[in-house]
$ cat final33.pdb   # PDB, C-alpha atoms and all ligand atoms
ATOM      1  CA  MET A 233     -29.978 -45.287 -61.704
ATOM      2  CA  LYS A 234     -28.904 -45.269 -58.038
ATOM      3  CA  ARG A 235     -30.696 -42.766 -55.804
ATOM      4  CA  ILE A 236     -29.507 -41.191 -52.558
ATOM      5  CA  ARG A 237     -32.102 -41.735 -49.827
ATOM      6  CA  LYS A 238     -30.053 -41.854 -46.653
ATOM      7  CA  ALA A 239     -27.677 -39.467 -44.926
ATOM      8  CA  ILE A 240     -25.269 -39.617 -42.015
ATOM      9  CA  ILE A 241     -24.709 -36.601 -39.768
ATOM     10  CA  PRO A 242     -21.827 -37.195 -37.345
ATOM     11  CA  ALA A 243     -22.459 -35.417 -34.035
ATOM     12  CA  ALA A 244     -20.419 -37.321 -31.487
ATOM     13  CA  GLY A 245     -17.500 -34.904 -31.103
ATOM     14  CA  LEU A 246     -16.710 -33.437 -27.696
ATOM     15  CA  GLY A 247     -16.725 -29.830 -28.857
ATOM     16  CA  THR A 248     -13.616 -28.954 -26.875
ATOM     17  CA  ARG A 249     -13.029 -25.805 -28.920
ATOM     18  CA  PHE A 250     -16.272 -24.373 -27.562
ATOM     19  CA  LEU A 251     -15.765 -24.960 -23.861
ATOM     20  CA  PRO A 252     -17.244 -23.963 -21.491
ATOM     21  CA  ALA A 253     -20.438 -23.728 -23.625
ATOM     22  CA  THR A 254     -20.151 -27.392 -24.570
ATOM     23  CA  LYS A 255     -19.571 -28.750 -21.063
ATOM     24  CA  ALA A 256     -23.212 -29.779 -20.686
ATOM     25  CA  THR A 257     -24.681 -28.754 -24.060
ATOM     26  CA  PRO A 258     -23.910 -30.586 -27.304
ATOM     27  CA  LYS A 259     -21.922 -28.364 -29.640
ATOM     28  CA  GLU A 260     -24.446 -29.129 -32.397
ATOM     29  CA  MET A 261     -27.167 -27.487 -30.308
ATOM     30  CA  LEU A 262     -25.441 -24.089 -30.090
ATOM     31  CA  PRO A 263     -27.724 -21.643 -31.896
ATOM     32  CA  VAL A 264     -26.972 -19.608 -34.990
ATOM     33  CA  VAL A 265     -29.408 -16.751 -34.221
ATOM     34  CA  ASP A 266     -32.287 -18.832 -32.778
ATOM     35  CA  THR A 267     -31.841 -22.196 -34.462
ATOM     36  CA  PRO A 268     -29.497 -24.992 -33.343
ATOM     37  CA  ALA A 269     -26.676 -25.493 -35.829
ATOM     38  CA  ILE A 270     -27.666 -29.112 -36.473
ATOM     39  CA  GLN A 271     -31.195 -28.097 -37.496
ATOM     40  CA  TYR A 272     -29.801 -26.184 -40.501
ATOM     41  CA  ILE A 273     -27.964 -29.354 -41.520
ATOM     42  CA  VAL A 274     -31.039 -31.562 -41.147
ATOM     43  CA  GLU A 275     -33.059 -28.982 -43.122
ATOM     44  CA  GLU A 276     -30.501 -29.044 -45.919
ATOM     45  CA  ALA A 277     -30.705 -32.854 -46.102
ATOM     46  CA  ALA A 278     -34.512 -32.844 -46.042
ATOM     47  CA  LYS A 279     -34.724 -30.128 -48.727
ATOM     48  CA  SER A 280     -32.373 -32.204 -50.872
ATOM     49  CA  GLY A 281     -34.823 -35.115 -50.741
ATOM     50  CA  ILE A 282     -33.166 -37.279 -48.085
ATOM     51  CA  GLU A 283     -35.750 -39.491 -46.379
ATOM     52  CA  ASP A 284     -33.778 -41.174 -43.602
ATOM     53  CA  ILE A 285     -31.090 -39.510 -41.513
ATOM     54  CA  VAL A 286     -28.873 -41.201 -38.983
ATOM     55  CA  ILE A 287     -27.211 -38.952 -36.451
ATOM     56  CA  ILE A 288     -24.052 -40.405 -34.928
ATOM     57  CA  SER A 289     -24.465 -39.457 -31.344
ATOM     58  CA  GLY A 290     -22.541 -40.033 -28.139
ATOM     59  CA  ARG A 291     -22.678 -39.481 -24.409
ATOM     60  CA  GLY A 292     -24.126 -36.132 -23.358
ATOM     61  CA  LYS A 293     -25.972 -35.623 -26.659
ATOM     62  CA  ARG A 294     -29.533 -36.327 -25.510
ATOM     63  CA  ALA A 295     -30.646 -32.735 -26.223
ATOM     64  CA  ILE A 296     -30.297 -33.464 -29.964
ATOM     65  CA  GLU A 297     -32.806 -36.325 -29.744
ATOM     66  CA  ASP A 298     -35.201 -34.207 -27.696
ATOM     67  CA  HIS A 299     -34.939 -31.381 -30.217
ATOM     68  CA  PHE A 300     -36.097 -33.501 -33.154
ATOM     69  CA  ASP A 301     -38.720 -35.375 -31.114
ATOM     70  CA  LYS A 302     -42.351 -34.353 -30.714
ATOM     71  CA  SER A 303     -42.957 -32.024 -27.781
ATOM     72  CA  TYR A 304     -46.586 -32.604 -26.730
ATOM     73  CA  GLU A 305     -46.410 -30.299 -23.725
ATOM     74  CA  LEU A 306     -44.945 -27.383 -25.669
ATOM     75  CA  GLU A 307     -47.374 -27.879 -28.558
ATOM     76  CA  ASP A 308     -50.272 -27.903 -26.088
ATOM     77  CA  VAL A 309     -49.160 -24.664 -24.405
ATOM     78  CA  LEU A 310     -48.614 -22.882 -27.750
ATOM     79  CA  LEU A 311     -52.049 -23.997 -28.954
ATOM     80  CA  LYS A 312     -53.754 -22.816 -25.753
ATOM     81  CA  HIS A 313     -52.094 -19.399 -26.108
ATOM     82  CA  ASN A 314     -53.032 -19.270 -29.776
ATOM     83  CA  LYS A 315     -49.368 -18.978 -30.837
ATOM     84  CA  ILE A 316     -50.044 -20.661 -34.162
ATOM     85  CA  SER A 317     -46.957 -19.652 -36.120
ATOM     86  CA  GLU A 318     -44.651 -20.822 -33.285
ATOM     87  CA  LEU A 319     -46.663 -24.044 -33.122
ATOM     88  CA  GLU A 320     -46.126 -24.670 -36.834
ATOM     89  CA  VAL A 321     -42.377 -24.133 -36.433
ATOM     90  CA  ILE A 322     -42.188 -26.574 -33.520
ATOM     91  CA  LYS A 323     -44.261 -29.211 -35.316
ATOM     92  CA  GLY A 324     -42.174 -28.758 -38.457
ATOM     93  CA  ILE A 325     -38.981 -29.683 -36.610
ATOM     94  CA  SER A 326     -40.268 -33.106 -35.592
ATOM     95  CA  ASN A 327     -41.697 -33.803 -39.064
ATOM     96  CA  MET A 328     -38.639 -32.840 -41.112
ATOM     97  CA  ALA A 329     -37.325 -36.342 -41.826
ATOM     98  CA  ASN A 330     -37.088 -39.772 -40.236
ATOM     99  CA  ILE A 331     -34.217 -39.409 -37.817
ATOM    100  CA  TYR A 332     -32.419 -42.335 -36.227
ATOM    101  CA  TYR A 333     -29.555 -42.390 -33.746
ATOM    102  CA  VAL A 334     -26.483 -44.548 -33.431
ATOM    103  CA  ARG A 335     -24.020 -44.066 -30.615
ATOM    104  CA  GLN A 336     -20.308 -43.866 -31.171
ATOM    105  CA  LYS A 337     -18.911 -45.198 -27.914
ATOM    106  CA  GLU A 338     -15.455 -43.630 -28.205
ATOM    107  CA  ALA A 339     -14.313 -40.579 -30.180
ATOM    108  CA  ARG A 340     -11.992 -42.332 -32.645
ATOM    109  CA  GLY A 341     -12.357 -39.974 -35.594
ATOM    110  CA  LEU A 342     -14.688 -39.134 -38.473
ATOM    111  CA  GLY A 343     -13.978 -42.379 -40.349
ATOM    112  CA  HIS A 344     -14.912 -44.418 -37.283
ATOM    113  CA  ALA A 345     -18.092 -42.338 -36.770
ATOM    114  CA  ILE A 346     -19.191 -43.016 -40.356
ATOM    115  CA  HIS A 347     -18.476 -46.720 -39.946
ATOM    116  CA  CYS A 348     -20.913 -46.808 -36.986
ATOM    117  CA  ALA A 349     -23.755 -46.334 -39.540
ATOM    118  CA  LYS A 350     -22.806 -49.327 -41.701
ATOM    119  CA  THR A 351     -25.837 -51.462 -40.791
ATOM    120  CA  PHE A 352     -28.219 -48.524 -41.136
ATOM    121  CA  ILE A 353     -26.998 -47.669 -44.632
ATOM    122  CA  GLY A 354     -26.682 -51.193 -46.023
ATOM    123  CA  ASN A 355     -25.599 -51.587 -49.624
ATOM    124  CA  GLU A 356     -26.548 -48.267 -51.220
ATOM    125  CA  PRO A 357     -24.864 -44.914 -51.860
ATOM    126  CA  PHE A 358     -25.437 -42.328 -49.138
ATOM    127  CA  ALA A 359     -24.703 -38.747 -48.142
ATOM    128  CA  VAL A 360     -22.591 -37.380 -45.299
ATOM    129  CA  LEU A 361     -23.095 -33.866 -43.940
ATOM    130  CA  LEU A 362     -20.712 -32.457 -41.340
ATOM    131  CA  GLY A 363     -22.263 -30.118 -38.804
ATOM    132  CA  ASP A 364     -19.283 -27.765 -38.649
ATOM    133  CA  ASP A 365     -19.800 -26.772 -42.273
ATOM    134  CA  LEU A 366     -22.828 -24.570 -42.670
ATOM    135  CA  VAL A 367     -23.568 -23.618 -46.271
ATOM    136  CA  TYR A 368     -25.863 -20.789 -47.262
ATOM    137  CA  SER A 369     -26.917 -21.229 -50.878
ATOM    138  CA  GLU A 370     -29.886 -20.848 -53.154
ATOM    139  CA  LYS A 371     -29.950 -24.546 -54.030
ATOM    140  CA  PRO A 372     -29.101 -26.705 -51.008
ATOM    141  CA  CYS A 373     -25.450 -27.759 -51.110
ATOM    142  CA  LEU A 374     -26.255 -31.469 -50.867
ATOM    143  CA  SER A 375     -28.791 -31.175 -53.638
ATOM    144  CA  GLN A 376     -26.060 -29.725 -55.888
ATOM    145  CA  LEU A 377     -23.893 -32.760 -55.153
ATOM    146  CA  MET A 378     -26.804 -35.098 -55.792
ATOM    147  CA  ASP A 379     -27.277 -33.600 -59.261
ATOM    148  CA  ALA A 380     -23.611 -34.266 -59.980
ATOM    149  CA  TYR A 381     -24.011 -37.822 -58.664
ATOM    150  CA  GLU A 382     -26.826 -38.464 -61.111
ATOM    151  CA  LYS A 383     -24.360 -37.824 -63.884
ATOM    152  CA  TYR A 384     -21.225 -39.507 -62.529
ATOM    153  CA  GLN A 385     -22.739 -42.370 -60.454
ATOM    154  CA  SER A 386     -19.672 -42.608 -58.221
ATOM    155  CA  SER A 387     -18.471 -41.046 -54.938
ATOM    156  CA  ILE A 388     -18.401 -37.237 -54.867
ATOM    157  CA  VAL A 389     -16.802 -34.833 -52.398
ATOM    158  CA  GLY A 390     -18.059 -31.253 -52.069
ATOM    159  CA  VAL A 391     -15.187 -28.789 -52.337
ATOM    160  CA  GLN A 392     -14.260 -25.126 -52.450
ATOM    161  CA  ARG A 393     -10.900 -23.420 -52.639
ATOM    162  CA  VAL A 394      -9.587 -22.169 -49.298
ATOM    163  CA  ASP A 395      -6.897 -19.706 -48.280
ATOM    164  CA  LYS A 396      -3.477 -21.381 -48.839
ATOM    165  CA  GLU A 397      -2.606 -20.663 -45.198
ATOM    166  CA  LYS A 398      -5.491 -22.849 -44.061
ATOM    167  CA  VAL A 399      -4.945 -26.066 -46.030
ATOM    168  CA  ASN A 400      -3.725 -27.744 -42.830
ATOM    169  CA  LEU A 401      -7.294 -27.639 -41.482
ATOM    170  CA  TYR A 402      -8.902 -29.700 -44.235
ATOM    171  CA  GLY A 403      -8.888 -32.768 -46.400
ATOM    172  CA  ILE A 404      -7.195 -31.529 -49.580
ATOM    173  CA  ILE A 405      -7.591 -33.047 -53.030
ATOM    174  CA  GLU A 406      -5.620 -33.139 -56.222
ATOM    175  CA  GLY A 407      -7.547 -33.687 -59.430
ATOM    176  CA  ASP A 408      -8.023 -33.076 -63.141
ATOM    177  CA  ASP A 409     -10.735 -30.748 -64.399
ATOM    178  CA  ILE A 410     -13.222 -32.729 -66.457
ATOM    179  CA  ALA A 411     -16.195 -30.332 -66.573
ATOM    180  CA  PRO A 412     -17.083 -26.943 -65.074
ATOM    181  CA  LYS A 413     -16.874 -27.326 -61.264
ATOM    182  CA  VAL A 414     -16.032 -31.036 -61.570
ATOM    183  CA  MET A 415     -12.675 -32.747 -61.113
ATOM    184  CA  LYS A 416     -11.693 -36.386 -61.270
ATOM    185  CA  VAL A 417      -9.796 -36.907 -58.039
ATOM    186  CA  LYS A 418      -6.212 -38.217 -58.304
ATOM    187  CA  ASP A 419      -5.179 -37.959 -54.666
ATOM    188  CA  LEU A 420      -6.460 -36.902 -51.262
ATOM    189  CA  VAL A 421      -4.568 -35.942 -48.137
ATOM    190  CA  GLU A 422      -5.907 -35.134 -44.689
ATOM    191  CA  LYS A 423      -4.716 -31.825 -43.236
ATOM    192  CA  PRO A 424      -1.374 -31.499 -45.072
ATOM    193  CA  ASP A 425       1.066 -28.825 -44.048
ATOM    194  CA  LYS A 426       1.262 -25.883 -46.390
ATOM    195  CA  ALA A 427       4.523 -27.023 -47.952
ATOM    196  CA  HIS A 428       3.146 -30.441 -48.919
ATOM    197  CA  ALA A 429      -0.434 -29.615 -49.917
ATOM    198  CA  PRO A 430      -1.183 -30.724 -53.483
ATOM    199  CA  SER A 431      -3.626 -27.800 -53.948
ATOM    200  CA  ASN A 432      -5.911 -25.533 -51.955
ATOM    201  CA  VAL A 433      -9.070 -27.402 -52.973
ATOM    202  CA  ALA A 434     -10.616 -28.477 -49.677
ATOM    203  CA  ILE A 435     -13.312 -31.017 -48.836
ATOM    204  CA  LEU A 436     -15.890 -28.963 -46.966
ATOM    205  CA  GLY A 437     -18.171 -31.328 -45.133
ATOM    206  CA  ARG A 438     -20.393 -32.758 -47.876
ATOM    207  CA  TYR A 439     -19.919 -36.208 -49.382
ATOM    208  CA  ILE A 440     -21.807 -38.746 -51.437
ATOM    209  CA  LEU A 441     -20.218 -42.118 -50.884
ATOM    210  CA  GLU A 442     -20.505 -45.588 -52.302
ATOM    211  CA  PRO A 443     -21.068 -48.331 -49.678
ATOM    212  CA  GLU A 444     -17.688 -49.995 -50.452
ATOM    213  CA  ILE A 445     -16.208 -47.338 -48.135
ATOM    214  CA  PHE A 446     -17.470 -49.312 -45.106
ATOM    215  CA  ASP A 447     -15.233 -52.332 -45.712
ATOM    216  CA  ILE A 448     -12.288 -49.989 -46.132
ATOM    217  CA  LEU A 449     -13.130 -48.101 -42.930
ATOM    218  CA  GLU A 450     -13.322 -51.375 -41.051
ATOM    219  CA  ASN A 451      -9.599 -51.928 -41.581
ATOM    220  CA  GLN A 452      -8.507 -48.306 -41.685
ATOM    221  CA  LYS A 453      -5.525 -47.566 -39.440
ATOM    222  CA  PRO A 454      -5.468 -44.316 -37.444
ATOM    223  CA  GLY A 455      -3.976 -41.430 -39.431
ATOM    224  CA  LYS A 456      -3.633 -37.699 -38.716
ATOM    225  CA  ASN A 457      -3.959 -36.925 -34.998
ATOM    226  CA  GLY A 458      -4.257 -40.661 -34.229
ATOM    227  CA  GLU A 459      -7.830 -40.708 -35.593
ATOM    228  CA  ILE A 460      -9.453 -42.974 -38.175
ATOM    229  CA  GLN A 461      -9.767 -40.535 -41.058
ATOM    230  CA  LEU A 462     -12.435 -40.628 -43.757
ATOM    231  CA  THR A 463     -10.004 -38.953 -46.155
ATOM    232  CA  ASP A 464      -7.525 -41.851 -45.783
ATOM    233  CA  ALA A 465     -10.300 -44.365 -46.520
ATOM    234  CA  LEU A 466     -11.286 -42.353 -49.618
ATOM    235  CA  LYS A 467      -7.704 -42.570 -50.814
ATOM    236  CA  THR A 468      -7.946 -46.373 -50.602
ATOM    237  CA  LEU A 469     -11.339 -46.301 -52.357
ATOM    238  CA  LEU A 470      -9.709 -44.400 -55.195
ATOM    239  CA  ALA A 471      -7.786 -47.546 -56.137
ATOM    240  CA  ILE A 472     -11.042 -49.391 -56.959
ATOM    241  CA  GLN A 473     -13.534 -46.648 -57.909
ATOM    242  CA  ASN A 474     -13.593 -43.187 -59.400
ATOM    243  CA  ILE A 475     -14.063 -40.271 -57.016
ATOM    244  CA  TYR A 476     -15.120 -36.853 -58.256
ATOM    245  CA  SER A 477     -15.086 -33.452 -56.622
ATOM    246  CA  PHE A 478     -17.818 -30.918 -57.139
ATOM    247  CA  GLU A 479     -17.243 -27.246 -56.374
ATOM    248  CA  PHE A 480     -20.522 -26.255 -54.797
ATOM    249  CA  GLU A 481     -22.028 -22.791 -54.970
ATOM    250  CA  GLY A 482     -22.745 -20.958 -51.720
ATOM    251  CA  LYS A 483     -21.164 -19.267 -48.747
ATOM    252  CA  ARG A 484     -19.685 -21.767 -46.326
ATOM    253  CA  TYR A 485     -19.192 -20.964 -42.651
ATOM    254  CA  ASP A 486     -16.819 -22.831 -40.356
ATOM    255  CA  LEU A 487     -18.856 -23.460 -37.215
ATOM    256  CA  GLY A 488     -15.936 -25.402 -35.755
ATOM    257  CA  ASP A 489     -14.138 -22.119 -35.265
ATOM    258  CA  LYS A 490     -15.174 -19.372 -32.818
ATOM    259  CA  LEU A 491     -14.773 -16.561 -35.328
ATOM    260  CA  GLY A 492     -16.565 -18.586 -38.022
ATOM    261  CA  PHE A 493     -19.438 -19.127 -35.616
ATOM    262  CA  VAL A 494     -19.743 -15.417 -34.855
ATOM    263  CA  GLU A 495     -19.606 -14.580 -38.588
ATOM    264  CA  ALA A 496     -22.389 -17.084 -39.305
ATOM    265  CA  THR A 497     -24.509 -15.652 -36.500
ATOM    266  CA  ILE A 498     -24.125 -12.091 -37.768
ATOM    267  CA  GLU A 499     -24.724 -12.915 -41.432
ATOM    268  CA  TYR A 500     -27.694 -15.203 -40.774
ATOM    269  CA  ALA A 501     -29.196 -12.429 -38.624
ATOM    270  CA  LEU A 502     -28.558  -9.891 -41.398
ATOM    271  CA  ARG A 503     -30.547 -12.121 -43.773
ATOM    272  CA  ARG A 504     -33.528 -12.046 -41.443
ATOM    273  CA  GLU A 505     -36.157  -9.399 -42.144
ATOM    274  CA  ASP A 506     -37.061  -9.124 -38.438
ATOM    275  CA  LEU A 507     -33.462  -8.331 -37.410
ATOM    276  CA  LYS A 508     -31.757  -6.853 -40.451
ATOM    277  CA  GLN A 509     -32.404  -3.116 -40.079
ATOM    278  CA  GLU A 510     -31.633  -2.795 -36.388
ATOM    279  CA  LEU A 511     -28.584  -5.053 -36.569
ATOM    280  CA  LYS A 512     -27.166  -3.118 -39.522
ATOM    281  CA  ALA A 513     -27.572   0.149 -37.654
ATOM    282  CA  TYR A 514     -25.983  -1.372 -34.561
ATOM    283  CA  LEU A 515     -22.975  -2.737 -36.474
ATOM    284  CA  LYS A 516     -22.452   0.634 -38.101
ATOM    285  CA  ASP A 517     -22.666   2.333 -34.741
ATOM    286  CA  ILE A 518     -20.084   0.126 -33.013
ATOM    287  CA  ALA A 519     -17.643  -0.105 -35.944
ATOM    288  CA  GLY A 520     -14.384   1.512 -34.844
ATOM    289  CA  LYS A 521     -15.371   1.628 -31.143
ATOM    290  CA  PHE A 522     -13.407  -1.505 -30.191
TER     291      PHE A 522
HETATM  292  C1  LIG B   1     -13.131 -32.953 -41.213
HETATM  293  C2  LIG B   1     -12.478 -33.835 -42.288
HETATM  294  C3  LIG B   1     -11.724 -32.976 -43.293
HETATM  295  C4  LIG B   1     -12.655 -31.930 -43.879
HETATM  296  C5  LIG B   1     -13.280 -31.092 -42.746
HETATM  297  C6  LIG B   1     -14.311 -30.119 -43.294
HETATM  298  O1  LIG B   1     -12.127 -32.400 -40.416
HETATM  299  O2  LIG B   1     -11.628 -34.754 -41.660
HETATM  300  O3  LIG B   1     -11.206 -33.785 -44.323
HETATM  301  O4  LIG B   1     -11.963 -31.095 -44.773
HETATM  302  O5  LIG B   1     -13.938 -31.934 -41.787
HETATM  303  O6  LIG B   1     -14.757 -29.252 -42.307
HETATM  304  P1  LIG B   1     -12.431 -31.715 -38.973
HETATM  305  O7  LIG B   1     -12.743 -30.272 -39.254
HETATM  306  O8  LIG B   1     -13.609 -32.436 -38.382
HETATM  307  O9  LIG B   1     -11.183 -31.882 -38.172
END
$ encode --input "final33.pdb" --output "structure tokens" --more "lines below"
Ligand code: G1P
Amino acid sequence: MKRIRKAIIPAAGLGTRFLPATKATPKEMLPVVDTPAIQYIVEEAAKSGIEDIVIISGRGKRAIEDHFDKSYELEDVLLKHNKISELEVIKGISNMANIYYVRQKEARGLGHAIHCAKTFIGNEPFAVLLGDDLVYSEKPCLSQLMDAYEKYQSSIVGVQRVDKEKVNLYGIIEGDDIAPKVMKVKDLVEKPDKAHAPSNVAILGRYILEPEIFDILENQKPGKNGEIQLTDALKTLLAIQNIYSFEFEGKRYDLGDKLGFVEATIEYALRREDLKQELKAYLKDIAGKF
């Protein structure tokens, strides 16, 4: 039985949709309430049992490394001021998982970013978590996919249905239902236009992949938007291995979109006991005023 121990989190993108915030701050470090977006993703991986995480980093992303590193000075100050709960939170961040960094020298697309981790992963199946897809669920999204992997022992993409108007934003799959929430994938297409989309079942930032994908990515030609696309490489993989889709349970937020980011911030705050009451009253008060 193959086990998933390693995960890749790509974080090398330039974050142009969030300028000017991302001019000097990595997009992945923008906070949802008080926690950097990428920390939620690392937490999800750690809670799912991942031991080793490689973050695909790039120029200007040093803040991510600092965030997951030990902060002796901060820990010392918090201890001296007897701020024990804050101290535990800070220590917890640096102990979450073993985190490694690989730099992607040029932004050549998601497929290229994944390929940068080839040596780190070696010859075993692994997970990929995309930072723009934040999933709030009882059981961590990746853990749901890992359960499905135990059964199917072949690559799995995490999917949900999206609005038909938005299929051009995602990798879209076509498949046959084989069990509740599970399809055997027949075809995949990256960001099709509405008229040509085979369905509205979208890949939403969670993958379990077999290592054969690396050899395919090595020779993958640029696709949509001139980038080396993971979806295109998966389509090639389909010729030699089965790929399944698993419809995960949970609310997914699109942090790659300004409105999605604001929605996540509001809803994550509403789930927090320390903010819920006052925020609810505030939202009620301002509704209709703008
Ligand atoms: C990437 C993938 C796409 C996937 C999406 C999920 O696109 O290429 O297949 O559906 O993430 O968020 P991006 O949003 O990075 O352009």
$ closest_residue --input "final33.pdb" --among "A:Met378, A:Leu436, A:Ala519, A:Val494" --to "ligand LIG 1 (chain B)" --atoms "only C-alpha atoms and all ligand atoms"
A:Leu436
$ resolve_selection --input "final33.pdb" --expression "the PyMOL selection byres (((chain A and resi 365) around 6) and not hetatm)" --output "VMD selection string"
chain A and resid 362 to 364 366 437 485 to 486
$ residues_near_ligand --input "final33.pdb" --ligand "ligand LIG 1 (chain B)" --cutoff "8 Å" --atoms "all atoms listed in the file" --output "NGL selection string"
:A and (342 or 362 or 364-365 or 401-404 or 421-423 or 434-437 or 461-463 or 486 or 488)
$ atom_distance --input "final33.pdb" --atom1 "CA of Arg237 (chain A)" --atom2 "CA of Asn327 (chain A)"
16.5 Å
$ resolve_selection --input "final33.pdb" --expression "the PyMOL selection byres (((chain A and resi 339) around 8) and not hetatm)" --output "list in words"
Ala244, Gly245, Leu246, Gln336, Lys337, Glu338, Arg340, Gly341 and Ala345 of chain A
$ closest_residue --input "final33.pdb" --among "A:Leu515, A:Ala295, A:Ile236, A:Val433" --to "Pro258 (chain A)" --atoms "all atoms listed in the file"
A:Ala295
$ resolve_selection --input "final33.pdb" --expression "the PyMOL selection byres (((chain A and resi 439) around 9) and not hetatm)" --output "VMD selection string"
chain A and resid 358 to 362 374 377 387 to 390 435 to 438 440 to 441
